[in-house]
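Presented below is the structure to which this report refers.
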Amino acid sequence: MGTGVDEKRKGAPPGDAEGGAATVGGSPGAADAAERVRAEFPALERELTVFLRRARAASGEIARAVHPELEPGAYGLLVRLDESGVLRATDLAGYVGVGKATMSRQLKALESLGLVSREPDPADGRASLIRLTDTGRTRVHRVREARRARYVSQLTDWSPAEVAELARLLHRLNESTAG
């Protein structure tokens with residue numbers, strides 16, 4: 001015995017309660033999955049909004065901890081350089097999703113603060129390689145360690161598996177929203 005909806009579903013293509021042929025992406029059950037995602041989207045949107053609002057508020061504090069004159073958005077550039085060692089300006093711009101002119105302006109500011117240096121790219125004389133200065137590396141490491149300690153204290157009631165799962169899911173989200 002089923003409900004009217006269940007009975008309609010029995011004769012319908014997968015994912016279509018009305019008996020039509022529509023499926024999302026052409027795969028059976030995809031419409032059901034899409035509906036479940038739509039049902040959960042308000043909660044996801046709310047939580048991401050809170051998370052991003054708090055992250056923006058913290059970014060100014062974090063940047064000032066590196067250097068009092070550092071723009072909030074520049075901290076991410078410094079972290080990327082710390083992780084990469086050296087990058088071409090165009091690669092750095094592509095990674096953070098800004099144009100060459102914006103990246104040039106940001107790098108000039110970082111260079112004037114003594115946090116990054118430029119050197120000619122031996123593979124392409126028109127390009128520059130960007131790296132952290134010793135001062136930049138020291139300051140970024142100090143702030144990153146303080147930030148990690150803050151995460152540890154905020155997530156003391158989380159298991160290591162939960163922290164790893166959060167990192168995995170955030171990576172997946174970042175990958176699916178890149179470019």
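If you're wondering about the labels, chains in the structure tokens are A, B, ... by order shown, residues count from 1 in each chain, ligands from 1 in order shown.
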
Point to revise | alpha helix (DSSP H) call set, DSSP backbone run, chain A, as an MDAnalysis selection string | key: chainID A and resid 4:11 30:66 74:84 89:96 100:112 134:154 160:177

With C-alpha atoms retained, export the selected residues as an mmCIF file, in the first residue's frame.
```
data_model
loop_
_atom_site.group_PDB
_atom_site.id
_atom_site.type_symbol
_atom_site.label_atom_id
_atom_site.label_comp_id
_atom_site.auth_asym_id
_atom_site.auth_seq_id
_atom_site.Cartn_x
_atom_site.Cartn_y
_atom_site.Cartn_z
ATOM 1 C CA GLY A 4 -0.898 8.537 -4.178
ATOM 2 C CA VAL A 5 2.554 10.004 -4.768
ATOM 3 C CA ASP A 6 4.191 6.607 -4.312
ATOM 4 C CA GLU A 7 1.737 5.044 -6.749
ATOM 5 C CA LYS A 8 2.432 7.789 -9.296
ATOM 6 C CA ARG A 9 6.170 7.257 -8.830
ATOM 7 C CA LYS A 10 5.895 3.531 -9.601
ATOM 8 C CA GLY A 11 4.961 4.206 -13.191
ATOM 9 C CA ALA A 30 19.133 13.093 -10.048
ATOM 10 C CA ALA A 31 15.899 15.077 -9.708
ATOM 11 C CA ASP A 32 15.369 13.562 -6.245
ATOM 12 C CA ALA A 33 18.942 14.479 -5.308
ATOM 13 C CA ALA A 34 18.474 17.997 -6.668
ATOM 14 C CA GLU A 35 15.288 18.399 -4.623
ATOM 15 C CA ARG A 36 17.076 17.242 -1.471
ATOM 16 C CA VAL A 37 19.827 19.794 -2.147
ATOM 17 C CA ARG A 38 17.233 22.538 -2.666
ATOM 18 C CA ALA A 39 15.573 21.582 0.618
ATOM 19 C CA GLU A 40 18.884 21.862 2.469
ATOM 20 C CA PHE A 41 20.071 24.998 0.674
ATOM 21 C CA PRO A 42 18.507 27.554 3.080
ATOM 22 C CA ALA A 43 20.436 26.056 6.015
ATOM 23 C CA LEU A 44 23.632 25.887 3.960
ATOM 24 C CA GLU A 45 23.212 29.472 2.786
ATOM 25 C CA ARG A 46 22.574 30.692 6.334
ATOM 26 C CA GLU A 47 25.618 28.919 7.775
ATOM 27 C CA LEU A 48 27.913 30.025 4.941
ATOM 28 C CA THR A 49 26.703 33.610 5.343
ATOM 29 C CA VAL A 50 27.515 33.584 9.063
ATOM 30 C CA PHE A 51 30.872 31.914 8.420
ATOM 31 C CA LEU A 52 31.858 34.380 5.685
ATOM 32 C CA ARG A 53 30.713 37.400 7.718
ATOM 33 C CA ARG A 54 32.858 36.271 10.634
ATOM 34 C CA ALA A 55 35.791 35.509 8.339
ATOM 35 C CA ARG A 56 35.619 39.010 6.808
ATOM 36 C CA ALA A 57 35.512 40.569 10.260
ATOM 37 C CA ALA A 58 38.529 38.530 11.352
ATOM 38 C CA SER A 59 40.521 39.207 8.172
ATOM 39 C CA GLY A 60 41.287 42.797 9.158
ATOM 40 C CA GLU A 61 42.497 41.700 12.570
ATOM 41 C CA ILE A 62 44.658 38.972 11.046
ATOM 42 C CA ALA A 63 46.139 41.316 8.453
ATOM 43 C CA ARG A 64 46.990 43.933 11.113
ATOM 44 C CA ALA A 65 48.747 41.225 13.116
ATOM 45 C CA VAL A 66 51.087 40.695 10.144
ATOM 46 C CA ALA A 74 46.389 40.534 1.255
ATOM 47 C CA TYR A 75 46.852 37.978 4.037
ATOM 48 C CA GLY A 76 45.675 35.201 1.712
ATOM 49 C CA LEU A 77 48.337 36.177 -0.820
ATOM 50 C CA LEU A 78 51.008 35.905 1.844
ATOM 51 C CA VAL A 79 49.741 32.481 2.939
ATOM 52 C CA ARG A 80 49.758 31.247 -0.667
ATOM 53 C CA LEU A 81 53.321 32.485 -1.110
ATOM 54 C CA ASP A 82 54.311 30.849 2.166
ATOM 55 C CA GLU A 83 52.914 27.526 0.948
ATOM 56 C CA SER A 84 54.321 27.816 -2.585
ATOM 57 C CA ALA A 89 52.375 37.231 -10.310
ATOM 58 C CA THR A 90 49.985 35.894 -12.968
ATOM 59 C CA ASP A 91 49.752 32.534 -11.189
ATOM 60 C CA LEU A 92 49.048 34.271 -7.905
ATOM 61 C CA ALA A 93 46.369 36.427 -9.568
ATOM 62 C CA GLY A 94 44.759 33.338 -11.083
ATOM 63 C CA TYR A 95 44.771 31.536 -7.759
ATOM 64 C CA VAL A 96 42.952 34.312 -5.907
ATOM 65 C CA LYS A 100 46.758 41.475 -13.369
ATOM 66 C CA ALA A 101 46.262 45.165 -12.541
ATOM 67 C CA THR A 102 44.765 44.378 -9.126
ATOM 68 C CA MET A 103 47.528 41.887 -8.402
ATOM 69 C CA SER A 104 50.179 44.381 -9.446
ATOM 70 C CA ARG A 105 48.766 46.988 -7.073
ATOM 71 C CA GLN A 106 48.582 44.508 -4.193
ATOM 72 C CA LEU A 107 52.114 43.258 -4.790
ATOM 73 C CA LYS A 108 53.475 46.820 -4.884
ATOM 74 C CA ALA A 109 51.867 47.437 -1.491
ATOM 75 C CA LEU A 110 53.281 44.187 -0.073
ATOM 76 C CA GLU A 111 56.695 45.025 -1.487
ATOM 77 C CA SER A 112 56.629 48.524 0.032
ATOM 78 C CA ASP A 134 62.477 36.805 5.628
ATOM 79 C CA THR A 135 60.451 39.432 7.497
ATOM 80 C CA GLY A 136 57.289 38.457 5.634
ATOM 81 C CA ARG A 137 57.837 34.758 6.317
ATOM 82 C CA THR A 138 58.494 35.356 10.019
ATOM 83 C CA ARG A 139 55.380 37.485 10.416
ATOM 84 C CA VAL A 140 53.150 35.127 8.448
ATOM 85 C CA HIS A 141 54.374 32.105 10.441
ATOM 86 C CA ARG A 142 53.729 33.906 13.729
ATOM 87 C CA VAL A 143 50.174 34.814 12.716
ATOM 88 C CA ARG A 144 49.439 31.375 11.249
ATOM 89 C CA GLU A 145 50.553 29.663 14.461
ATOM 90 C CA ALA A 146 48.371 31.998 16.525
ATOM 91 C CA ARG A 147 45.451 31.352 14.191
ATOM 92 C CA ARG A 148 45.894 27.577 14.418
ATOM 93 C CA ALA A 149 46.009 27.818 18.213
ATOM 94 C CA ARG A 150 42.750 29.758 18.061
ATOM 95 C CA TYR A 151 41.142 27.043 15.910
ATOM 96 C CA VAL A 152 42.321 24.382 18.341
ATOM 97 C CA SER A 153 40.750 26.221 21.270
ATOM 98 C CA GLN A 154 37.513 26.842 19.349
ATOM 99 C CA PRO A 160 40.198 14.760 15.026
ATOM 100 C CA ALA A 161 38.006 12.868 12.546
ATOM 101 C CA GLU A 162 35.427 15.684 12.568
ATOM 102 C CA VAL A 163 38.127 18.308 11.967
ATOM 103 C CA ALA A 164 39.540 16.212 9.111
ATOM 104 C CA GLU A 165 36.048 15.799 7.627
ATOM 105 C CA LEU A 166 35.426 19.549 7.805
ATOM 106 C CA ALA A 167 38.737 20.189 6.045
ATOM 107 C CA ARG A 168 37.864 17.594 3.389
ATOM 108 C CA LEU A 169 34.419 19.087 2.779
ATOM 109 C CA LEU A 170 35.737 22.661 2.636
ATOM 110 C CA HIS A 171 38.377 21.530 0.138
ATOM 111 C CA ARG A 172 35.663 19.884 -1.940
ATOM 112 C CA LEU A 173 33.559 23.060 -1.784
ATOM 113 C CA ASN A 174 36.557 25.177 -2.816
ATOM 114 C CA GLU A 175 37.332 22.832 -5.696
ATOM 115 C CA SER A 176 33.749 22.827 -6.960
ATOM 116 C CA THR A 177 33.498 26.637 -6.827
#
```

Check your understanding: What is the CA of Leu129 (chain A) to CA of Leu115 (chain A) distance in Å?
Key ->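 Answer for the CA of Leu129 (chain A) to CA of Leu115 (chain A) separation: 13.9 Å.
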
Point to revise | Coordinates-based distance that separates CA of Arg88 (chain A) from CA of Ala178 (chain A) (Å, one decimal) | key: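 CA of Arg88 (chain A) lies at a distance of 19.2 Å from CA of Ala178 (chain A).
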